[in-house]
file upload.txt (compact mmCIF, C-alpha atoms (C1' of nucleotides))
# COMPACT_ATOMS: atom_id res chain seq x y z
CA MET A 695 -75.08 -49.65 -4.68
CA SER A 696 -72.18 -49.32 -2.35
CA CYS A 697 -70.09 -46.51 -3.76
CA GLU A 698 -71.98 -44.02 -1.68
CA GLU A 699 -70.93 -45.68 1.56
CA LYS A 700 -68.46 -42.96 2.48
CA ALA A 701 -71.07 -40.32 1.97
CA THR A 702 -73.74 -42.04 4.01
CA GLN A 703 -71.22 -42.70 6.74
CA LYS A 704 -70.58 -39.00 6.98
CA LEU A 705 -74.29 -38.40 7.37
CA SER A 706 -74.57 -41.02 10.03
CA GLU A 707 -71.64 -39.62 11.98
CA ARG A 708 -73.24 -36.24 12.00
CA GLY A 709 -76.46 -37.67 13.36
CA PHE A 710 -78.53 -37.70 10.20
CA ARG A 711 -80.47 -40.73 9.15
CA ILE A 712 -79.75 -42.93 6.19
CA THR A 713 -82.83 -43.56 4.11
CA PRO A 714 -83.38 -45.37 0.83
CA GLN A 715 -84.32 -42.03 -0.72
CA ARG A 716 -81.05 -40.42 0.26
CA ARG A 717 -79.11 -43.46 -0.89
CA VAL A 718 -80.67 -43.46 -4.34
CA ILE A 719 -80.25 -39.76 -4.86
CA LEU A 720 -76.65 -39.82 -3.74
CA HIS A 721 -76.00 -42.75 -6.02
CA ILE A 722 -77.42 -40.90 -8.99
CA LEU A 723 -75.48 -37.74 -8.32
CA MET A 724 -72.28 -39.72 -7.96
CA HIS A 725 -72.72 -41.40 -11.29
CA ALA A 726 -73.87 -38.40 -13.23
CA ASN A 727 -71.26 -36.93 -15.46
CA ALA A 728 -72.96 -33.58 -15.44
CA HIS A 729 -75.17 -31.66 -13.08
CA LEU A 730 -78.78 -32.68 -12.99
CA THR A 731 -81.97 -30.79 -12.46
CA PRO A 732 -84.29 -31.90 -9.68
CA THR A 733 -86.66 -33.30 -12.28
CA GLU A 734 -83.91 -35.32 -13.90
CA VAL A 735 -82.92 -36.71 -10.55
CA TYR A 736 -86.53 -37.54 -9.83
CA GLU A 737 -87.10 -39.39 -13.11
CA GLU A 738 -83.94 -41.39 -12.68
CA ALA A 739 -84.49 -42.16 -9.02
CA ARG A 740 -88.02 -43.35 -9.59
CA LYS A 741 -86.75 -46.23 -11.66
CA SER A 742 -85.33 -47.88 -8.60
CA LEU A 743 -87.60 -46.34 -5.99
CA PRO A 744 -91.05 -45.76 -7.47
CA SER A 745 -92.53 -44.52 -4.23
CA LEU A 746 -90.23 -41.51 -4.22
CA ARG A 747 -91.94 -38.12 -4.61
CA GLU A 748 -90.75 -34.85 -6.08
CA THR A 749 -91.11 -33.14 -2.74
CA THR A 750 -88.54 -35.47 -1.30
CA VAL A 751 -86.16 -34.94 -4.18
CA TYR A 752 -86.25 -31.20 -3.69
CA ARG A 753 -85.80 -31.50 0.01
CA THR A 754 -83.04 -34.04 -0.28
CA LEU A 755 -81.08 -32.02 -2.79
CA GLU A 756 -81.31 -29.04 -0.54
CA PHE A 757 -80.34 -31.12 2.45
CA LEU A 758 -77.32 -32.60 0.71
CA THR A 759 -76.25 -29.12 -0.24
CA GLN A 760 -76.56 -27.92 3.34
CA VAL A 761 -74.38 -30.71 4.66
CA GLY A 762 -71.89 -30.18 1.88
CA LEU A 763 -72.30 -33.41 -0.05
CA ALA A 764 -73.84 -31.77 -3.08
CA GLN A 765 -73.72 -28.32 -4.53
CA GLU A 766 -75.96 -26.21 -6.63
CA ALA A 767 -74.74 -25.40 -10.09
CA PHE A 768 -76.37 -23.54 -12.91
CA SER A 769 -77.12 -24.50 -16.43
CA LYS A 770 -77.04 -22.42 -19.58
CA THR A 771 -80.42 -20.98 -18.78
CA SER A 772 -79.33 -20.34 -15.22
CA LYS A 773 -81.93 -22.74 -13.90
CA SER A 774 -80.63 -24.62 -10.95
CA ALA A 775 -79.11 -28.05 -11.00
CA TYR A 776 -77.09 -30.14 -8.62
CA GLU A 777 -73.89 -32.13 -8.61
CA ILE A 778 -71.79 -34.02 -6.15
CA SER A 779 -69.51 -31.76 -4.21
CA ASP A 780 -66.33 -33.76 -4.47
CA TYR A 781 -63.93 -30.93 -5.01
CA ALA A 782 -64.22 -27.17 -5.11
CA HIS A 783 -64.64 -25.75 -8.56
CA HIS A 784 -66.68 -23.22 -10.42
CA HIS A 785 -68.16 -22.93 -13.86
CA LEU A 786 -67.80 -20.66 -16.81
CA ILE A 787 -70.76 -21.04 -19.13
CA CYS A 788 -71.33 -19.78 -22.65
CA ARG A 789 -74.70 -18.04 -22.85
CA LYS A 790 -75.03 -18.88 -26.49
CA CYS A 791 -74.00 -22.49 -26.98
CA GLY A 792 -73.98 -23.66 -23.38
CA LYS A 793 -70.38 -24.80 -23.43
CA GLU A 794 -68.91 -25.14 -19.97
CA VAL A 795 -65.41 -24.71 -18.68
CA GLU A 796 -64.32 -25.49 -15.18
CA ILE A 797 -62.58 -22.94 -13.04
CA PRO A 798 -60.53 -24.47 -10.23
CA HIS A 799 -61.08 -23.02 -6.82
CA VAL A 800 -57.43 -22.12 -6.47
CA LYS A 801 -57.93 -19.29 -8.94
CA MET A 802 -60.56 -17.85 -6.70
CA LYS A 803 -58.69 -18.28 -3.47
CA PRO A 804 -56.89 -14.95 -3.29
CA LEU A 805 -60.15 -13.13 -3.89
CA CYS A 806 -61.96 -15.19 -1.28
CA GLU A 807 -59.30 -14.56 1.30
CA ASP A 808 -59.34 -10.89 0.52
CA ILE A 809 -63.09 -10.80 1.00
CA GLU A 810 -62.87 -12.72 4.25
CA THR A 811 -60.30 -10.46 5.85
CA GLU A 812 -62.01 -7.35 4.67
CA THR A 813 -65.55 -8.19 5.67
CA GLY A 814 -65.03 -10.58 8.54
CA PHE A 815 -67.41 -13.00 6.88
CA GLN A 816 -66.52 -16.65 6.82
CA LEU A 817 -67.18 -17.74 3.25
CA MET A 818 -68.92 -20.91 2.36
CA GLN A 819 -67.39 -22.88 -0.42
CA ASN A 820 -70.01 -21.79 -2.79
CA HIS A 821 -70.14 -22.76 -6.33
CA LEU A 822 -70.05 -19.77 -8.63
CA SER A 823 -71.14 -19.55 -12.22
CA PHE A 824 -69.62 -17.05 -14.58
CA PHE A 825 -71.39 -16.36 -17.83
CA GLY A 826 -69.92 -15.16 -21.07
CA LEU A 827 -69.35 -15.93 -24.70
CA CYS A 828 -66.98 -18.68 -25.71
CA PRO A 829 -64.35 -17.98 -28.36
CA ALA A 830 -66.38 -19.69 -31.09
CA CYS A 831 -69.59 -17.82 -30.31
CA GLN A 832 -67.84 -14.45 -30.24
CA LYS A 833 -67.23 -14.73 -33.96
CA ASN A 834 -70.86 -15.06 -34.93
CA MET B 11 -92.79 9.21 -13.77
CA SER B 12 -89.93 10.65 -15.74
CA CYS B 13 -86.81 9.42 -14.03
CA GLU B 14 -86.74 6.39 -16.26
CA GLU B 15 -86.46 8.51 -19.38
CA LYS B 16 -82.83 7.69 -19.95
CA ALA B 17 -83.54 4.01 -19.69
CA THR B 18 -86.49 4.04 -22.06
CA GLN B 19 -84.51 6.12 -24.49
CA LYS B 20 -81.86 3.42 -24.57
CA LEU B 21 -84.51 0.87 -25.36
CA SER B 22 -85.95 2.99 -28.09
CA GLU B 23 -82.55 3.56 -29.68
CA ARG B 24 -81.96 -0.13 -29.79
CA GLY B 25 -85.25 -0.70 -31.52
CA PHE B 26 -87.32 -1.97 -28.63
CA ARG B 27 -90.73 -0.60 -27.89
CA ILE B 28 -91.68 1.50 -24.91
CA THR B 29 -94.79 0.20 -23.20
CA PRO B 30 -96.59 1.23 -20.04
CA GLN B 31 -95.66 -2.13 -18.55
CA ARG B 32 -91.96 -1.58 -19.10
CA ARG B 33 -92.20 1.96 -17.81
CA VAL B 34 -93.84 0.93 -14.57
CA ILE B 35 -91.47 -1.91 -13.91
CA LEU B 36 -88.42 0.20 -14.62
CA HIS B 37 -89.80 2.89 -12.35
CA ILE B 38 -90.24 0.43 -9.52
CA LEU B 39 -86.80 -1.07 -9.89
CA MET B 40 -85.24 2.37 -9.92
CA HIS B 41 -86.91 3.37 -6.71
CA ALA B 42 -86.39 0.14 -4.84
CA ASN B 43 -83.66 0.29 -2.26
CA ALA B 44 -83.17 -3.45 -2.40
CA HIS B 45 -83.65 -6.12 -4.96
CA LEU B 46 -87.18 -7.32 -5.50
CA THR B 47 -88.66 -10.66 -6.35
CA PRO B 48 -90.89 -10.92 -9.40
CA THR B 49 -93.89 -11.19 -7.13
CA GLU B 50 -92.95 -8.07 -5.25
CA VAL B 51 -92.55 -6.19 -8.50
CA TYR B 52 -95.92 -7.51 -9.63
CA GLU B 53 -97.76 -6.44 -6.49
CA GLU B 54 -96.26 -3.00 -6.61
CA ALA B 55 -96.73 -2.49 -10.33
CA ARG B 56 -100.37 -3.50 -10.19
CA LYS B 57 -101.16 -0.52 -8.05
CA SER B 58 -100.61 1.79 -10.98
CA LEU B 59 -101.32 -0.66 -13.77
CA PRO B 60 -103.99 -3.14 -12.68
CA SER B 61 -104.16 -4.85 -16.04
CA LEU B 62 -100.58 -6.05 -15.73
CA ARG B 63 -100.12 -9.81 -15.45
CA GLU B 64 -97.47 -11.94 -13.77
CA THR B 65 -96.44 -13.37 -17.09
CA THR B 66 -95.48 -9.95 -18.29
CA VAL B 67 -93.54 -9.20 -15.15
CA TYR B 68 -91.45 -12.33 -15.55
CA ARG B 69 -90.87 -11.65 -19.19
CA THR B 70 -90.07 -8.00 -18.66
CA LEU B 71 -87.59 -8.70 -15.90
CA GLU B 72 -85.85 -11.19 -18.10
CA PHE B 73 -85.91 -8.77 -20.99
CA LEU B 74 -84.46 -5.93 -18.95
CA THR B 75 -81.72 -8.26 -17.81
CA GLN B 76 -80.91 -9.26 -21.36
CA VAL B 77 -80.55 -5.66 -22.49
CA GLY B 78 -78.52 -4.82 -19.43
CA LEU B 79 -80.89 -2.48 -17.62
CA ALA B 80 -81.54 -4.85 -14.78
CA GLN B 81 -79.66 -7.70 -13.22
CA GLU B 82 -80.53 -10.79 -11.34
CA ALA B 83 -79.46 -10.93 -7.74
CA PHE B 84 -80.05 -13.50 -5.08
CA SER B 85 -81.63 -13.32 -1.71
CA LYS B 86 -80.80 -15.13 1.49
CA THR B 87 -82.57 -18.21 0.28
CA SER B 88 -80.93 -17.93 -3.11
CA LYS B 89 -84.25 -17.35 -4.78
CA SER B 90 -83.95 -14.94 -7.59
CA ALA B 91 -84.63 -11.25 -7.42
CA TYR B 92 -83.88 -8.28 -9.58
CA GLU B 93 -82.40 -4.84 -9.28
CA ILE B 94 -81.46 -1.98 -11.54
CA SER B 95 -78.11 -2.47 -13.13
CA ASP B 96 -76.65 0.95 -12.51
CA TYR B 97 -73.16 -0.09 -11.58
CA ALA B 98 -71.29 -3.36 -11.39
CA HIS B 99 -71.24 -4.92 -7.98
CA HIS B 100 -71.69 -8.24 -6.31
CA HIS B 101 -73.15 -9.48 -3.07
CA LEU B 102 -71.95 -11.28 -0.02
CA ILE B 103 -74.85 -12.74 1.89
CA CYS B 104 -75.05 -14.27 5.34
CA ARG B 105 -76.79 -17.63 5.17
CA LYS B 106 -78.01 -17.27 8.69
CA CYS B 107 -79.31 -13.77 9.17
CA GLY B 108 -79.50 -12.65 5.57
CA LYS B 109 -77.25 -9.65 6.06
CA GLU B 110 -75.80 -8.38 2.81
CA VAL B 111 -72.56 -6.67 2.00
CA GLU B 112 -71.68 -5.25 -1.35
CA ILE B 113 -68.53 -6.24 -3.17
CA PRO B 114 -67.42 -3.70 -5.73
CA HIS B 115 -66.60 -5.06 -9.14
CA VAL B 116 -63.08 -3.69 -9.00
CA LYS B 117 -62.19 -6.41 -6.51
CA MET B 118 -63.21 -9.00 -9.01
CA LYS B 119 -61.53 -7.45 -11.97
CA PRO B 120 -58.14 -9.13 -11.80
CA LEU B 121 -59.81 -12.52 -11.53
CA CYS B 122 -62.13 -11.77 -14.43
CA GLU B 123 -59.28 -10.67 -16.63
CA ASP B 124 -57.30 -13.71 -15.71
CA ILE B 125 -60.22 -15.92 -16.66
CA GLU B 126 -60.72 -14.10 -19.93
CA THR B 127 -57.14 -14.40 -21.08
CA GLU B 128 -56.90 -17.98 -19.99
CA THR B 129 -60.12 -19.30 -21.47
CA GLY B 130 -60.67 -16.94 -24.37
CA PHE B 131 -64.21 -16.39 -23.13
CA GLN B 132 -65.60 -12.90 -23.12
CA LEU B 133 -67.22 -12.53 -19.72
CA MET B 134 -70.57 -10.94 -19.18
CA GLN B 135 -70.80 -8.53 -16.32
CA ASN B 136 -72.63 -11.00 -14.26
CA HIS B 137 -73.73 -10.42 -10.81
CA LEU B 138 -72.24 -12.92 -8.39
CA SER B 139 -73.43 -13.88 -4.95
CA PHE B 140 -71.07 -15.17 -2.33
CA PHE B 141 -72.52 -16.88 0.69
CA GLY B 142 -71.06 -17.18 4.13
CA LEU B 143 -71.51 -16.37 7.79
CA CYS B 144 -71.28 -12.82 8.99
CA PRO B 145 -69.12 -12.01 12.00
CA ALA B 146 -72.09 -11.89 14.35
CA CYS B 147 -73.51 -15.22 13.24
CA GLN B 148 -70.17 -16.97 13.52
CA LYS B 149 -70.33 -16.57 17.27
CA ASN B 150 -73.58 -18.40 17.72
C1' DA C 197 -86.92 -58.51 19.34
C1' DT C 198 -89.72 -54.56 20.78
C1' DC C 199 -90.52 -49.98 21.99
C1' DC C 200 -89.78 -44.79 21.62
C1' DT C 201 -88.37 -40.62 19.95
C1' DT C 202 -88.27 -37.67 16.35
C1' DA C 203 -86.11 -37.03 11.72
C1' DT C 204 -87.77 -37.86 7.32
C1' DT C 205 -91.18 -38.81 3.89
C1' DG C 206 -95.57 -38.47 1.50
C1' DC C 207 -99.75 -36.10 0.69
C1' DA C 208 -102.43 -32.29 -0.75
C1' DA C 209 -102.79 -27.82 -1.82
C1' DA C 210 -100.73 -23.56 -2.88
C1' DA C 211 -97.38 -20.58 -4.87
C1' DA C 212 -93.99 -19.53 -8.36
C1' DC C 213 -92.64 -19.76 -12.94
C1' DT C 214 -93.01 -21.10 -18.04
C1' DT C 215 -94.98 -21.73 -22.66
C1' DG C 216 -97.75 -21.45 -27.05
C1' DC C 217 -100.93 -18.97 -29.22
C1' DA C 218 -104.25 -15.30 -30.23
C1' DA C 219 -105.27 -10.38 -29.37
C1' DT C 220 -103.42 -5.87 -28.77
C1' DA C 221 -100.96 -1.76 -29.49
C1' DA C 222 -96.12 0.61 -30.48
C1' DG C 223 -94.12 3.17 -33.78
C1' DG C 224 -92.80 3.76 -38.57
C1' DA C 225 -94.73 4.58 -43.24
C1' DT C 226 -98.42 6.71 -46.12
C1' DA D 1378 -104.99 10.92 -39.12
C1' DT D 1379 -104.92 6.18 -40.76
C1' DC D 1380 -102.88 2.01 -41.97
C1' DC D 1381 -99.40 -1.88 -41.41
C1' DT D 1382 -96.08 -4.61 -39.50
C1' DT D 1383 -94.69 -7.13 -35.88
C1' DA D 1384 -93.02 -6.70 -31.00
C1' DT D 1385 -95.30 -7.16 -26.85
C1' DT D 1386 -99.02 -8.43 -23.86
C1' DG D 1387 -102.67 -11.30 -21.99
C1' DC D 1388 -104.84 -15.63 -21.60
C1' DA D 1389 -105.04 -20.37 -20.41
C1' DA D 1390 -102.92 -24.30 -19.38
C1' DG D 1391 -98.95 -26.66 -17.92
C1' DT D 1392 -94.79 -27.42 -15.21
C1' DT D 1393 -91.84 -26.65 -11.37
C1' DT D 1394 -91.07 -25.61 -6.61
C1' DT D 1395 -92.64 -24.75 -1.85
C1' DT D 1396 -95.22 -25.52 2.49
C1' DG D 1397 -97.85 -27.43 6.56
C1' DC D 1398 -99.31 -31.33 8.52
C1' DA D 1399 -100.04 -36.22 9.33
C1' DA D 1400 -98.03 -40.84 8.61
C1' DT D 1401 -93.90 -43.49 8.43
C1' DA D 1402 -89.67 -45.54 9.60
C1' DA D 1403 -84.43 -44.81 11.20
C1' DG D 1404 -81.74 -45.84 14.85
C1' DG D 1405 -80.88 -45.70 19.78
C1' DA D 1406 -82.51 -47.61 24.25
C1' DT D 1407 -84.68 -51.49 26.78
call {"tool": "encode", "arguments": {"input": "upload.txt", "output": "structure tokens"}}
result
Amino acid sequence: MSCEEKATQKLSERGFRITPQRRVILHILMHANAHLTPTEVYEEARKSLPSLRETTVYRTLEFLTQVGLAQEAFSKTSKSAYEISDYAHHHLICRKCGKEVEIPHVKMKPLCEDIETETGFQLMQNHLSFFGLCPACQKN
Amino acid sequence: MSCEEKATQKLSERGFRITPQRRVILHILMHANAHLTPTEVYEEARKSLPSLRETTVYRTLEFLTQVGLAQEAFSKTSKSAYEISDYAHHHLICRKCGKEVEIPHVKMKPLCEDIETETGFQLMQNHLSFFGLCPACQKN
DNA sequence: ATCCTTATTGCAAAAACTTGCAATAAGGAT
DNA sequence: ATCCTTATTGCAAGTTTTTGCAATAAGGAT
């Protein structure tokens, strides 16, 4: 477990503490090839840190999201899940089969800038989920 | 209670049944000036229909969303809430003070069309929530 | 190495949400 | 008006998520 060094360093620099719980959860998110629900993270994390509680998982996922290391995504059922926030992207999800396609942030940029100038808001890099029907499911 | 006639008629035409529960919930959503959480809908609906249960509220809100009469929105804390789906719009929410600004769907249209042609997906009119900091909160 | 401050975790209980199954009641047919 | 079918609701139990408070342990200071 050393791949999450960069991440923990960032935390440390910003005055947050590094705990075994945060290490494990970061590690799991970094090695997941999909987004995980809090429960999935919990089950996985317990294997190496049995004393970990759900409460902490929920709070840690939220914390990591706040500081920008993780981001909330959504699954087919639009229940929430989390993933490492390594680069800005968004999801397009098929409501029927669950298929996911990634939408790069660059596509969204003009819209975001438009919104920012018009409203004066400063947007957070939030992860958006579009829902629809994939080409295959449209035929049925 | 008659303002929800049009809505119930739509249901009826599509083969769904009209029940007192659905009537009450539709009525509440139509007279709310903001989006409501399931619990808020429940509390309000109970006043005129004490036998109503939470379970039914959750299921009805989901049902109304499926058939397009309601839509899921998000509050400051990104917990889910619902509102009547009378016209397509999206929300921009301040993470700090909770202030909300509406984003008309027309702003999003070019992006949506771009996504549709590029991915072959057929998008659902989903309600998106952008998060950020409002002008006032940026100063603090 | 030890102490101190306080951020972070765990605990316990509550609140929010989901699920399967049996009972009820819409709404069409007789 | 009554009956029938089955969509919809309620019930009960389970799962997920949140919250306040006390205990713990990071990490800086001595």
call {"tool": "residues_around", "arguments": {"input": "upload.txt", "residues": "Met818 in chain A", "least_positions_apart": "4", "cutoff": "8 Å", "atoms": "all atoms listed in the file", "output": "PyMOL selection string"}}
result
chain B and resi 140-143
call {"tool": "interface_residues", "arguments": {"input": "upload.txt", "of": "chain D", "to": "chain B", "cutoff": "10 Å", "atoms": "all atoms listed in the file", "output": "list in words"}}
result
DA1384, DT1385, DT1386, DG1387 and DC1388 of chain D
call {"tool": "atom_distance", "arguments": {"input": "upload.txt", "atom1": "CA of Gln816 in chain A", "atom2": "CA of Ile103 in chain B"}}
result
10.4 Å
call {"tool": "calpha_fit_and_write", "arguments": {"input": "upload.txt", "fixed": "chain B", "moving": "chain A", "output": "mmCIF file with C-alpha atoms, in the frame of the given file"}}
result
data_model
loop_
_atom_site.group_PDB
_atom_site.id
_atom_site.type_symbol
_atom_site.label_atom_id
_atom_site.label_comp_id
_atom_site.auth_asym_id
_atom_site.auth_seq_id
_atom_site.Cartn_x
_atom_site.Cartn_y
_atom_site.Cartn_z
ATOM 1 C CA MET A 695 -92.798 9.139 -13.773
ATOM 2 C CA SER A 696 -89.966 10.604 -15.718
ATOM 3 C CA CYS A 697 -86.840 9.397 -13.980
ATOM 4 C CA GLU A 698 -86.735 6.373 -16.203
ATOM 5 C CA GLU A 699 -86.430 8.482 -19.336
ATOM 6 C CA LYS A 700 -82.769 7.669 -19.865
ATOM 7 C CA ALA A 701 -83.474 3.998 -19.603
ATOM 8 C CA THR A 702 -86.385 4.007 -22.006
ATOM 9 C CA GLN A 703 -84.375 6.095 -24.423
ATOM 10 C CA LYS A 704 -81.737 3.412 -24.474
ATOM 11 C CA LEU A 705 -84.385 0.847 -25.300
ATOM 12 C CA SER A 706 -85.777 2.972 -28.050
ATOM 13 C CA GLU A 707 -82.362 3.555 -29.582
ATOM 14 C CA ARG A 708 -81.762 -0.135 -29.700
ATOM 15 C CA GLY A 709 -85.040 -0.705 -31.487
ATOM 16 C CA PHE A 710 -87.122 -1.989 -28.609
ATOM 17 C CA ARG A 711 -90.540 -0.627 -27.895
ATOM 18 C CA ILE A 712 -91.542 1.459 -24.934
ATOM 19 C CA THR A 713 -94.660 0.151 -23.269
ATOM 20 C CA PRO A 714 -96.518 1.186 -20.136
ATOM 21 C CA GLN A 715 -95.586 -2.170 -18.617
ATOM 22 C CA ARG A 716 -91.890 -1.614 -19.139
ATOM 23 C CA ARG A 717 -92.154 1.934 -17.848
ATOM 24 C CA VAL A 718 -93.837 0.899 -14.618
ATOM 25 C CA ILE A 719 -91.468 -1.942 -13.942
ATOM 26 C CA LEU A 720 -88.427 0.185 -14.611
ATOM 27 C CA HIS A 721 -89.818 2.865 -12.355
ATOM 28 C CA ILE A 722 -90.286 0.404 -9.530
ATOM 29 C CA LEU A 723 -86.839 -1.082 -9.863
ATOM 30 C CA MET A 724 -85.298 2.369 -9.884
ATOM 31 C CA HIS A 725 -86.998 3.357 -6.684
ATOM 32 C CA ALA A 726 -86.476 0.145 -4.814
ATOM 33 C CA ASN A 727 -83.777 0.299 -2.237
ATOM 34 C CA ALA A 728 -83.275 -3.421 -2.368
ATOM 35 C CA HIS A 729 -83.720 -6.142 -4.925
ATOM 36 C CA LEU A 730 -87.235 -7.328 -5.489
ATOM 37 C CA THR A 731 -88.714 -10.659 -6.352
ATOM 38 C CA PRO A 732 -90.908 -10.922 -9.428
ATOM 39 C CA THR A 733 -93.942 -11.219 -7.182
ATOM 40 C CA GLU A 734 -93.024 -8.078 -5.296
ATOM 41 C CA VAL A 735 -92.603 -6.221 -8.537
ATOM 42 C CA TYR A 736 -95.937 -7.535 -9.721
ATOM 43 C CA GLU A 737 -97.833 -6.478 -6.591
ATOM 44 C CA GLU A 738 -96.328 -3.029 -6.687
ATOM 45 C CA ALA A 739 -96.779 -2.537 -10.408
ATOM 46 C CA ARG A 740 -100.403 -3.567 -10.312
ATOM 47 C CA LYS A 741 -101.233 -0.569 -8.187
ATOM 48 C CA SER A 742 -100.641 1.731 -11.096
ATOM 49 C CA LEU A 743 -101.320 -0.699 -13.919
ATOM 50 C CA PRO A 744 -103.988 -3.187 -12.859
ATOM 51 C CA SER A 745 -104.115 -4.895 -16.219
ATOM 52 C CA LEU A 746 -100.537 -6.085 -15.857
ATOM 53 C CA ARG A 747 -100.069 -9.863 -15.582
ATOM 54 C CA GLU A 748 -97.426 -11.959 -13.881
ATOM 55 C CA THR A 749 -96.362 -13.421 -17.189
ATOM 56 C CA THR A 750 -95.405 -9.986 -18.369
ATOM 57 C CA VAL A 751 -93.501 -9.215 -15.203
ATOM 58 C CA TYR A 752 -91.408 -12.330 -15.591
ATOM 59 C CA ARG A 753 -90.772 -11.661 -19.215
ATOM 60 C CA THR A 754 -89.983 -8.025 -18.661
ATOM 61 C CA LEU A 755 -87.538 -8.703 -15.871
ATOM 62 C CA GLU A 756 -85.780 -11.189 -18.044
ATOM 63 C CA PHE A 757 -85.807 -8.791 -20.951
ATOM 64 C CA LEU A 758 -84.378 -5.949 -18.897
ATOM 65 C CA THR A 759 -81.654 -8.262 -17.721
ATOM 66 C CA GLN A 760 -80.807 -9.264 -21.275
ATOM 67 C CA VAL A 761 -80.443 -5.674 -22.397
ATOM 68 C CA GLY A 762 -78.437 -4.837 -19.318
ATOM 69 C CA LEU A 763 -80.822 -2.490 -17.548
ATOM 70 C CA ALA A 764 -81.514 -4.848 -14.684
ATOM 71 C CA GLN A 765 -79.641 -7.694 -13.130
ATOM 72 C CA GLU A 766 -80.531 -10.791 -11.261
ATOM 73 C CA ALA A 767 -79.486 -10.931 -7.655
ATOM 74 C CA PHE A 768 -80.102 -13.512 -5.004
ATOM 75 C CA SER A 769 -81.672 -13.302 -1.633
ATOM 76 C CA LYS A 770 -80.806 -15.117 1.563
ATOM 77 C CA THR A 771 -82.663 -18.171 0.395
ATOM 78 C CA SER A 772 -80.990 -17.924 -2.983
ATOM 79 C CA LYS A 773 -84.313 -17.346 -4.683
ATOM 80 C CA SER A 774 -83.962 -14.929 -7.504
ATOM 81 C CA ALA A 775 -84.659 -11.245 -7.368
ATOM 82 C CA TYR A 776 -83.905 -8.274 -9.541
ATOM 83 C CA GLU A 777 -82.411 -4.831 -9.215
ATOM 84 C CA ILE A 778 -81.469 -1.977 -11.452
ATOM 85 C CA SER A 779 -78.102 -2.471 -13.030
ATOM 86 C CA ASP A 780 -76.661 0.958 -12.439
ATOM 87 C CA TYR A 781 -73.168 -0.052 -11.525
ATOM 88 C CA ALA A 782 -71.296 -3.323 -11.351
ATOM 89 C CA HIS A 783 -71.247 -4.888 -7.939
ATOM 90 C CA HIS A 784 -71.707 -8.209 -6.271
ATOM 91 C CA HIS A 785 -73.160 -9.438 -3.032
ATOM 92 C CA LEU A 786 -71.934 -11.243 0.005
ATOM 93 C CA ILE A 787 -74.842 -12.701 1.930
ATOM 94 C CA CYS A 788 -75.013 -14.222 5.389
ATOM 95 C CA ARG A 789 -76.810 -17.564 5.223
ATOM 96 C CA LYS A 790 -77.984 -17.222 8.768
ATOM 97 C CA CYS A 791 -79.235 -13.685 9.276
ATOM 98 C CA GLY A 792 -79.453 -12.544 5.673
ATOM 99 C CA LYS A 793 -77.159 -9.579 6.132
ATOM 100 C CA GLU A 794 -75.741 -8.314 2.871
ATOM 101 C CA VAL A 795 -72.485 -6.641 2.035
ATOM 102 C CA GLU A 796 -71.621 -5.224 -1.325
ATOM 103 C CA ILE A 797 -68.508 -6.252 -3.159
ATOM 104 C CA PRO A 798 -67.363 -3.708 -5.739
ATOM 105 C CA HIS A 799 -66.592 -5.059 -9.146
ATOM 106 C CA VAL A 800 -63.060 -3.731 -9.018
ATOM 107 C CA LYS A 801 -62.164 -6.461 -6.546
ATOM 108 C CA MET A 802 -63.237 -9.028 -9.050
ATOM 109 C CA LYS A 803 -61.570 -7.473 -12.036
ATOM 110 C CA PRO A 804 -58.200 -9.201 -11.896
ATOM 111 C CA LEU A 805 -59.909 -12.565 -11.649
ATOM 112 C CA CYS A 806 -62.242 -11.764 -14.521
ATOM 113 C CA GLU A 807 -59.407 -10.670 -16.734
ATOM 114 C CA ASP A 808 -57.463 -13.757 -15.858
ATOM 115 C CA ILE A 809 -60.421 -15.920 -16.793
ATOM 116 C CA GLU A 810 -60.939 -14.063 -20.046
ATOM 117 C CA THR A 811 -57.375 -14.410 -21.251
ATOM 118 C CA GLU A 812 -57.159 -17.992 -20.200
ATOM 119 C CA THR A 813 -60.408 -19.246 -21.652
ATOM 120 C CA GLY A 814 -60.991 -16.850 -24.505
ATOM 121 C CA PHE A 815 -64.497 -16.268 -23.222
ATOM 122 C CA GLN A 816 -65.835 -12.757 -23.160
ATOM 123 C CA LEU A 817 -67.411 -12.391 -19.732
ATOM 124 C CA MET A 818 -70.726 -10.795 -19.156
ATOM 125 C CA GLN A 819 -70.914 -8.434 -16.268
ATOM 126 C CA ASN A 820 -72.721 -10.916 -14.208
ATOM 127 C CA HIS A 821 -73.793 -10.350 -10.741
ATOM 128 C CA LEU A 822 -72.305 -12.872 -8.361
ATOM 129 C CA SER A 823 -73.496 -13.830 -4.927
ATOM 130 C CA PHE A 824 -71.123 -15.145 -2.326
ATOM 131 C CA PHE A 825 -72.564 -16.859 0.700
ATOM 132 C CA GLY A 826 -71.069 -17.170 4.130
ATOM 133 C CA LEU A 827 -71.466 -16.378 7.779
ATOM 134 C CA CYS A 828 -71.199 -12.821 8.992
ATOM 135 C CA PRO A 829 -68.967 -12.039 11.965
ATOM 136 C CA ALA A 830 -71.913 -11.894 14.373
ATOM 137 C CA CYS A 831 -73.391 -15.209 13.259
ATOM 138 C CA GLN A 832 -70.052 -17.002 13.503
ATOM 139 C CA LYS A 833 -70.151 -16.597 17.260
ATOM 140 C CA ASN A 834 -73.418 -18.412 17.766
#
call {"tool": "axis_aligned_box", "arguments": {"input": "upload.txt", "around": "range 210-222 of chain C", "padding_each_side": "4 Å", "output": "lines of an AutoDock Vina configuration file"}}
result
center_x = -99.0
center_y = -11.5
center_z = -16.7
size_x = 20.6
size_y = 32.2
size_z = 35.6
call {"tool": "atom_distance", "arguments": {"input": "upload.txt", "atom1": "C1' of DT202 in chain C", "atom2": "C1' of DG1404 in chain D"}}
result
10.6 Å
